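Data from protein-v4.txt: compact mmCIF, C-alpha atoms
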```txt
# COMPACT_ATOMS: atom_id res chain seq x y z
CA MET A 1 79.02 141.69 95.66
CA GLY A 2 80.40 143.87 92.86
CA TYR A 3 83.44 146.06 92.77
CA PHE A 4 83.54 149.61 91.49
CA PHE A 5 86.93 150.99 90.50
CA LEU A 6 87.32 154.67 89.90
CA LYS A 7 89.64 155.53 87.06
CA MET A 8 92.77 157.42 87.99
CA GLU A 9 94.83 159.02 85.28
CA LEU A 10 98.40 160.32 85.38
CA ARG A 11 99.72 163.13 83.25
CA LYS A 12 103.01 164.96 83.00
CA ALA A 13 102.53 168.51 84.22
CA ASN A 14 103.61 171.47 82.15
CA LYS A 15 104.28 175.05 83.18
CA ASP A 16 100.66 176.00 82.54
CA GLU A 17 99.72 173.68 85.43
CA ILE A 18 101.99 175.20 88.07
CA SER A 19 98.94 176.67 89.84
CA ILE A 20 97.52 173.14 90.25
CA ILE A 21 100.74 172.00 91.94
CA GLN A 22 100.67 175.09 94.16
CA ASP A 23 97.03 174.54 95.12
CA ILE A 24 97.66 170.93 96.14
CA ALA A 25 100.75 171.92 98.14
CA TYR A 26 99.00 174.77 99.95
CA ILE A 27 96.07 172.51 100.91
CA THR A 28 98.24 169.54 101.90
CA TRP A 29 101.11 171.14 103.82
CA PRO A 30 99.14 172.42 106.84
CA VAL A 31 97.66 168.94 107.30
CA ALA A 32 100.96 167.11 106.73
CA TYR A 33 103.14 169.41 108.81
CA GLY A 34 100.86 171.39 111.12
CA ASP A 35 101.69 169.22 114.13
CA ILE A 36 105.45 169.03 113.50
CA LEU A 37 106.52 172.39 112.01
CA SER A 38 105.84 175.97 113.03
CA GLN A 39 103.54 178.01 110.80
CA GLU A 40 106.48 180.33 110.16
CA LYS A 41 108.58 177.44 108.83
CA ILE A 42 105.70 176.10 106.72
CA ASP A 43 105.16 179.54 105.18
CA TYR A 44 108.88 179.94 104.50
CA MET A 45 109.24 176.51 102.89
CA LEU A 46 106.11 176.87 100.75
CA GLY A 47 107.35 180.22 99.48
CA MET A 48 110.82 178.85 98.81
CA MET A 49 109.76 175.65 97.05
CA TYR A 50 106.39 176.46 95.49
CA SER A 51 106.65 179.98 94.10
CA THR A 52 105.94 180.15 90.39
CA GLU A 53 109.58 181.05 89.84
CA ALA A 54 110.85 178.09 91.91
CA LEU A 55 108.58 175.57 90.18
CA THR A 56 109.45 176.95 86.74
CA GLU A 57 113.15 176.62 87.55
CA GLN A 58 112.64 173.06 88.80
CA MET A 59 110.88 172.10 85.56
CA ASP A 60 113.59 173.84 83.51
CA ASN A 61 116.21 171.82 85.43
CA GLY A 62 114.67 168.45 84.59
CA HIS A 63 112.27 167.82 87.44
CA ILE A 64 109.37 165.74 86.14
CA PHE A 65 105.99 166.50 87.72
CA LEU A 66 103.19 163.97 87.39
CA ILE A 67 99.66 164.91 88.43
CA ILE A 68 97.11 162.25 89.28
CA ASN A 69 93.46 162.86 88.47
CA GLU A 70 90.28 160.98 89.27
CA ASN A 71 86.92 161.96 87.80
CA ASN A 72 88.26 165.33 86.62
CA LYS A 73 89.70 166.21 90.04
CA ASP A 74 93.44 166.54 90.55
CA LEU A 75 94.30 164.59 93.71
CA GLY A 76 98.05 164.91 94.05
CA PHE A 77 101.42 165.03 92.39
CA VAL A 78 104.92 163.64 92.48
CA SER A 79 108.07 165.41 91.34
CA PHE A 80 111.27 163.52 90.65
CA GLU A 81 114.69 164.04 89.15
CA ASN A 82 116.31 161.24 87.17
CA ASN A 83 120.09 160.77 87.13
CA TYR A 84 120.36 162.84 90.28
CA SER A 85 123.80 164.46 90.58
CA LYS A 86 124.86 162.55 87.45
CA SER A 87 124.21 159.18 89.13
CA SER A 88 121.93 156.27 88.25
CA LYS A 89 119.63 157.32 91.09
CA THR A 90 116.27 159.07 90.94
CA LYS A 91 115.40 161.52 93.68
CA ILE A 92 111.75 161.93 94.53
CA GLN A 93 111.70 165.62 95.32
CA LYS A 94 108.04 166.03 96.29
CA ILE A 95 104.93 163.93 96.69
CA TYR A 96 101.69 165.33 98.05
CA ILE A 97 98.15 164.00 97.99
CA LEU A 98 95.06 165.95 99.00
CA PRO A 99 93.94 164.91 102.50
CA GLU A 100 90.61 163.51 101.24
CA ALA A 101 92.44 161.28 98.73
CA GLN A 102 94.94 159.80 101.17
CA GLY A 103 94.61 156.09 101.91
CA LYS A 104 93.22 155.31 98.43
CA GLY A 105 96.48 154.09 96.89
CA VAL A 106 97.22 157.41 95.15
CA GLY A 107 100.72 157.66 96.64
CA ARG A 108 101.49 154.10 95.59
CA LEU A 109 100.43 154.85 92.01
CA LEU A 110 102.58 157.99 91.89
CA ILE A 111 105.66 156.23 93.33
CA ASN A 112 105.18 153.23 91.03
CA GLU A 113 105.02 155.47 87.96
CA ALA A 114 108.13 157.40 89.02
CA GLU A 115 109.87 154.05 89.54
CA LYS A 116 108.77 152.74 86.13
CA LEU A 117 109.92 155.87 84.30
CA SER A 118 113.23 155.79 86.17
CA LYS A 119 113.79 152.12 85.39
CA ASP A 120 113.03 152.79 81.71
CA ILE A 121 116.09 155.06 81.50
CA GLY A 122 118.32 152.70 83.49
CA ASN A 123 118.20 154.23 86.96
CA THR A 124 118.72 151.64 89.68
CA MET A 125 117.60 153.41 92.87
CA LEU A 126 114.88 155.73 94.12
CA PHE A 127 115.52 157.91 97.13
CA LEU A 128 113.79 160.69 99.00
CA ASN A 129 113.95 162.82 102.10
CA VAL A 130 111.15 162.70 104.66
CA ASN A 131 110.81 164.64 107.90
CA ARG A 132 111.76 162.34 110.79
CA HIS A 133 108.37 163.01 112.43
CA ASN A 134 106.24 162.65 109.29
CA LYS A 135 104.03 159.55 109.31
CA ALA A 136 104.50 159.29 105.51
CA GLN A 137 107.74 157.43 106.24
CA PHE A 138 105.61 154.38 107.10
CA MET A 139 103.92 154.49 103.69
CA TYR A 140 107.36 154.63 102.07
CA GLN A 141 108.47 151.60 104.10
CA LYS A 142 105.41 149.68 102.88
CA LEU A 143 106.50 150.54 99.34
CA GLY A 144 109.96 149.07 99.90
CA PHE A 145 111.97 152.09 101.00
CA GLU A 146 114.44 151.76 103.86
CA ILE A 147 115.99 154.47 105.99
CA SER A 148 119.62 154.85 104.92
CA LYS A 149 120.59 157.84 107.08
CA SER A 150 119.43 160.84 109.05
CA GLU A 151 120.40 164.36 108.04
CA ASP A 152 119.75 167.97 108.95
CA VAL A 153 119.64 170.24 105.90
CA ASP A 154 120.09 174.01 106.30
CA ILE A 155 117.40 175.65 104.15
CA GLY A 156 118.17 179.21 105.15
CA ASN A 157 116.49 181.78 107.37
CA GLY A 158 117.62 179.81 110.43
CA PHE A 159 115.56 176.75 109.43
CA PHE A 160 116.65 173.14 109.01
CA MET A 161 114.94 170.12 107.52
CA ASN A 162 115.36 167.27 109.99
CA ASP A 163 115.01 164.30 107.68
CA TYR A 164 115.55 160.65 107.04
CA VAL A 165 116.92 159.70 103.66
CA MET A 166 115.05 156.63 102.45
CA GLU A 167 116.13 154.45 99.53
CA LYS A 168 114.61 151.74 97.39
CA VAL A 169 116.38 149.58 94.84
CA ILE A 170 114.58 149.62 91.48
CA GLU A 171 113.97 146.05 90.34
```

What is this file in structure tokens?
Amino acid sequence: MGYFFLKMELRKANKDEISIIQDIAYITWPVAYGDILSQEKIDYMLGMMYSTEALTEQMDNGHIFLIINENNKDLGFVSFENNYSKSSKTKIQKIYILPEAQGKGVGRLLINEAEKLSKDIGNTMLFLNVNRHNKAQFMYQKLGFEISKSEDVDIGNGFFMNDYVMEKVIE
């Protein structure tokens, strides 16, 4: 029996690729959050975090976006911020994978690359926020993240993010 491995490639996104990030987010969010957030909250958060202006500002403020591609199809992205709040920690701000690409190890590849790039500059910890009802938290646990605390973050317009903060020591 032979094995066939598809080639996945990672690239750092630039501002000309903001529409790719937006497309992935707009396809992924209803699937990821449709059962746990109201449509009104999803629409608000997408507008707040994924407008062209918001993504441009994030890139200008040091957020690194990596896009993963397989056979000329962009499957997902990760965004992270090294030296978060002038610490030796890296915050994974966003990670989304198209529904049809989930379960193929894409998330693992994105997290591993963010970890490698963070380690290369001397960061010692990765952390992220995940909705307390999002099943992605189990993927993060498999990748070595542990829940460090629970928090409710006011994001405006009467909405809160009800999250776990998960951390992983970079080794």

**OP:** Rank nothing, just name the residue among A:Asn82, A:Ala101, A:Val106, A:Ala136 nearest to Lys119 of chain A, using all atoms listed in the file.
**Re:**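 The closest residue to Lys119 of chain A is A:Asn82.
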
Original post:
Taking (105.0, 164.2, 85.8) in the file's coordinates, which residues come within 7 Å, counting all atoms listed in the file, written as a ChimeraX atom specification?
Top reply: /A:11-13,64-67,78-79

**OP:** Would you list the contacts of Leu10 of chain A as a PyMOL selection string, taking every protein, DNA or RNA residue within 9 Å and counting all atoms listed in the file, but skipping same-chain residues closer than 5 positions in sequence?
**Re:** chain A and resi 66-69+77+109-110+113

**OP:** Could you check which of A:Ser38, A:Phe127, A:Asn162, A:Arg132 is closest to Glu146 of chain A, using all atoms listed in the file?
**Re:**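 Looking at the shortest contact to Glu146 of chain A, the residue is A:Phe127.
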
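Here the question is which of A:Gly107, A:Gly62, A:Gly158, A:Gly47 gets nearest to Phe80 of chain A using only C-alpha atoms, and that residue is A:Gly62.
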
Using only C-alpha atoms, which protein or nucleic acid residues come within 10 Å of Ser19 of chain A? Drop anything in the same chain fewer than 2 positions from it, and give the result as a short mmCIF file (atom, residue, chain, number, x, y, z; two decimals) with C-alpha atoms, in the frame of the given file.
```
data_model
loop_
_atom_site.label_atom_id
_atom_site.label_comp_id
_atom_site.auth_asym_id
_atom_site.auth_seq_id
_atom_site.Cartn_x
_atom_site.Cartn_y
_atom_site.Cartn_z
CA LYS A 15 104.28 175.05 83.18
CA ASP A 16 100.66 176.00 82.54
CA GLU A 17 99.72 173.68 85.43
CA ILE A 21 100.74 172.00 91.94
CA GLN A 22 100.67 175.09 94.16
CA ASP A 23 97.03 174.54 95.12
CA ILE A 24 97.66 170.93 96.14
CA ALA A 25 100.75 171.92 98.14
CA TYR A 50 106.39 176.46 95.49
CA SER A 51 106.65 179.98 94.10
CA THR A 52 105.94 180.15 90.39
CA LEU A 55 108.58 175.57 90.18
#
```

Original post:
Looking at all atoms listed in the file, which of A:Tyr140, A:Phe145, A:Tyr164, A:Trp29 is the one that sits closest to Tyr44 of chain A?
Top reply: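 Looking only at the distances to Tyr44 of chain A, the closest residue turns out to be A:Trp29.
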
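Distances to Glu57 of chain A were evaluated for A:Met125, A:Ala114, A:Ile97, A:Ile18 using only C-alpha atoms, and the minimum falls at A:Ile18.
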
Original post:
A:Lys89, A:His63, A:Lys104, A:Lys7: which is nearest Thr124 of chain A, counting all atoms listed in the file?
Top reply: A:Lys89

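Atom CA of Val165 of chain A is positioned 6.1 Å from atom CA of Ser150 of chain A.
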
If I wrap all listed atoms of segment 43-47 of chain A in a box with edges along x, y and z and add 3 Å on each side, what are its centre and edge lengths in Å to one decimal, as lines of an AutoDock Vina configuration file?
```
center_x = 107.2
center_y = 178.4
center_z = 102.3
size_x = 10.1
size_y = 9.7
size_z = 11.7
```

Original post:
Do you know which residues lie at most 10 Å from (115.7, 171.8, 105.1), with coordinates as in the file and only C-alpha atoms counted, and could you write them as a list of chain:residue names?
Top reply: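 Using only C-alpha atoms, the matching residues come out as A:Lys41, A:Met45, A:Asn129, A:Asn131, A:Glu151, A:Asp152, A:Val153, A:Asp154, A:Ile155, A:Gly156, A:Gly158, A:Phe159, A:Phe160, A:Met161, A:Asn162, A:Asp163.
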
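Interatomic distance, atom CA of Glu81 of chain A against atom CA of Asn134 of chain A: 21.9 Å.
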
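Across the structure, atom CA of Leu37 of chain A and atom CA of Asn112 of chain A are spaced 28.4 Å apart.
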
Write out N, CA and C atoms for segment 24-45 of chain A, as a PDB file, in the frame of the given file.
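Printed below is result_0.pdb as written:
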```pdb
ATOM      1  N   ILE A  24      97.564 172.190  95.391  1.00  0.00           N
ATOM      2  CA  ILE A  24      97.660 170.930  96.140  1.00  0.00           C
ATOM      3  C   ILE A  24      98.626 171.089  97.316  1.00  0.00           C
ATOM      4  N   ALA A  25      99.763 171.722  97.075  1.00  0.00           N
ATOM      5  CA  ALA A  25     100.750 171.920  98.140  1.00  0.00           C
ATOM      6  C   ALA A  25     100.168 172.772  99.274  1.00  0.00           C
ATOM      7  N   TYR A  26      99.516 173.867  98.931  1.00  0.00           N
ATOM      8  CA  TYR A  26      99.000 174.770  99.950  1.00  0.00           C
ATOM      9  C   TYR A  26      97.851 174.153 100.752  1.00  0.00           C
ATOM     10  N   ILE A  27      97.119 173.222 100.165  1.00  0.00           N
ATOM     11  CA  ILE A  27      96.070 172.510 100.910  1.00  0.00           C
ATOM     12  C   ILE A  27      96.675 171.411 101.774  1.00  0.00           C
ATOM     13  N   THR A  28      97.679 170.728 101.249  1.00  0.00           N
ATOM     14  CA  THR A  28      98.240 169.540 101.900  1.00  0.00           C
ATOM     15  C   THR A  28      99.211 169.874 103.026  1.00  0.00           C
ATOM     16  N   TRP A  29     100.059 170.872 102.843  1.00  0.00           N
ATOM     17  CA  TRP A  29     101.110 171.140 103.820  1.00  0.00           C
ATOM     18  C   TRP A  29     100.603 171.384 105.240  1.00  0.00           C
ATOM     19  N   PRO A  30      99.589 172.212 105.451  1.00  0.00           N
ATOM     20  CA  PRO A  30      99.140 172.420 106.840  1.00  0.00           C
ATOM     21  C   PRO A  30      98.682 171.122 107.518  1.00  0.00           C
ATOM     22  N   VAL A  31      98.109 170.219 106.743  1.00  0.00           N
ATOM     23  CA  VAL A  31      97.660 168.940 107.300  1.00  0.00           C
ATOM     24  C   VAL A  31      98.873 168.035 107.563  1.00  0.00           C
ATOM     25  N   ALA A  32      99.794 167.991 106.615  1.00  0.00           N
ATOM     26  CA  ALA A  32     100.960 167.110 106.730  1.00  0.00           C
ATOM     27  C   ALA A  32     101.941 167.573 107.803  1.00  0.00           C
ATOM     28  N   TYR A  33     102.086 168.887 107.951  1.00  0.00           N
ATOM     29  CA  TYR A  33     103.140 169.410 108.810  1.00  0.00           C
ATOM     30  C   TYR A  33     102.665 170.254 109.986  1.00  0.00           C
ATOM     31  N   GLY A  34     101.377 170.510 110.077  1.00  0.00           N
ATOM     32  CA  GLY A  34     100.860 171.390 111.120  1.00  0.00           C
ATOM     33  C   GLY A  34     101.224 170.989 112.530  1.00  0.00           C
ATOM     34  N   ASP A  35     101.350 169.698 112.787  1.00  0.00           N
ATOM     35  CA  ASP A  35     101.690 169.220 114.130  1.00  0.00           C
ATOM     36  C   ASP A  35     103.188 169.113 114.378  1.00  0.00           C
ATOM     37  N   ILE A  36     104.008 169.247 113.310  1.00  0.00           N
ATOM     38  CA  ILE A  36     105.450 169.030 113.500  1.00  0.00           C
ATOM     39  C   ILE A  36     106.317 170.222 113.108  1.00  0.00           C
ATOM     40  N   LEU A  37     105.760 171.201 112.392  1.00  0.00           N
ATOM     41  CA  LEU A  37     106.520 172.390 112.010  1.00  0.00           C
ATOM     42  C   LEU A  37     105.755 173.641 112.426  1.00  0.00           C
ATOM     43  N   SER A  38     106.489 174.701 112.711  1.00  0.00           N
ATOM     44  CA  SER A  38     105.840 175.970 113.030  1.00  0.00           C
ATOM     45  C   SER A  38     105.198 176.543 111.766  1.00  0.00           C
ATOM     46  N   GLN A  39     104.176 177.368 111.940  1.00  0.00           N
ATOM     47  CA  GLN A  39     103.540 178.010 110.800  1.00  0.00           C
ATOM     48  C   GLN A  39     104.545 178.876 110.046  1.00  0.00           C
ATOM     49  N   GLU A  40     105.453 179.499 110.783  1.00  0.00           N
ATOM     50  CA  GLU A  40     106.480 180.330 110.160  1.00  0.00           C
ATOM     51  C   GLU A  40     107.367 179.499 109.223  1.00  0.00           C
ATOM     52  N   LYS A  41     107.743 178.304 109.662  1.00  0.00           N
ATOM     53  CA  LYS A  41     108.580 177.440 108.830  1.00  0.00           C
ATOM     54  C   LYS A  41     107.797 176.910 107.632  1.00  0.00           C
ATOM     55  N   ILE A  42     106.535 176.553 107.831  1.00  0.00           N
ATOM     56  CA  ILE A  42     105.700 176.100 106.720  1.00  0.00           C
ATOM     57  C   ILE A  42     105.590 177.197 105.673  1.00  0.00           C
ATOM     58  N   ASP A  43     105.292 178.417 106.111  1.00  0.00           N
ATOM     59  CA  ASP A  43     105.160 179.540 105.180  1.00  0.00           C
ATOM     60  C   ASP A  43     106.458 179.776 104.420  1.00  0.00           C
ATOM     61  N   TYR A  44     107.577 179.729 105.126  1.00  0.00           N
ATOM     62  CA  TYR A  44     108.880 179.940 104.500  1.00  0.00           C
ATOM     63  C   TYR A  44     109.151 178.875 103.441  1.00  0.00           C
ATOM     64  N   MET A  45     108.936 177.611 103.796  1.00  0.00           N
ATOM     65  CA  MET A  45     109.240 176.510 102.890  1.00  0.00           C
ATOM     66  C   MET A  45     108.309 176.515 101.673  1.00  0.00           C
TER      67      MET A  45
END
```
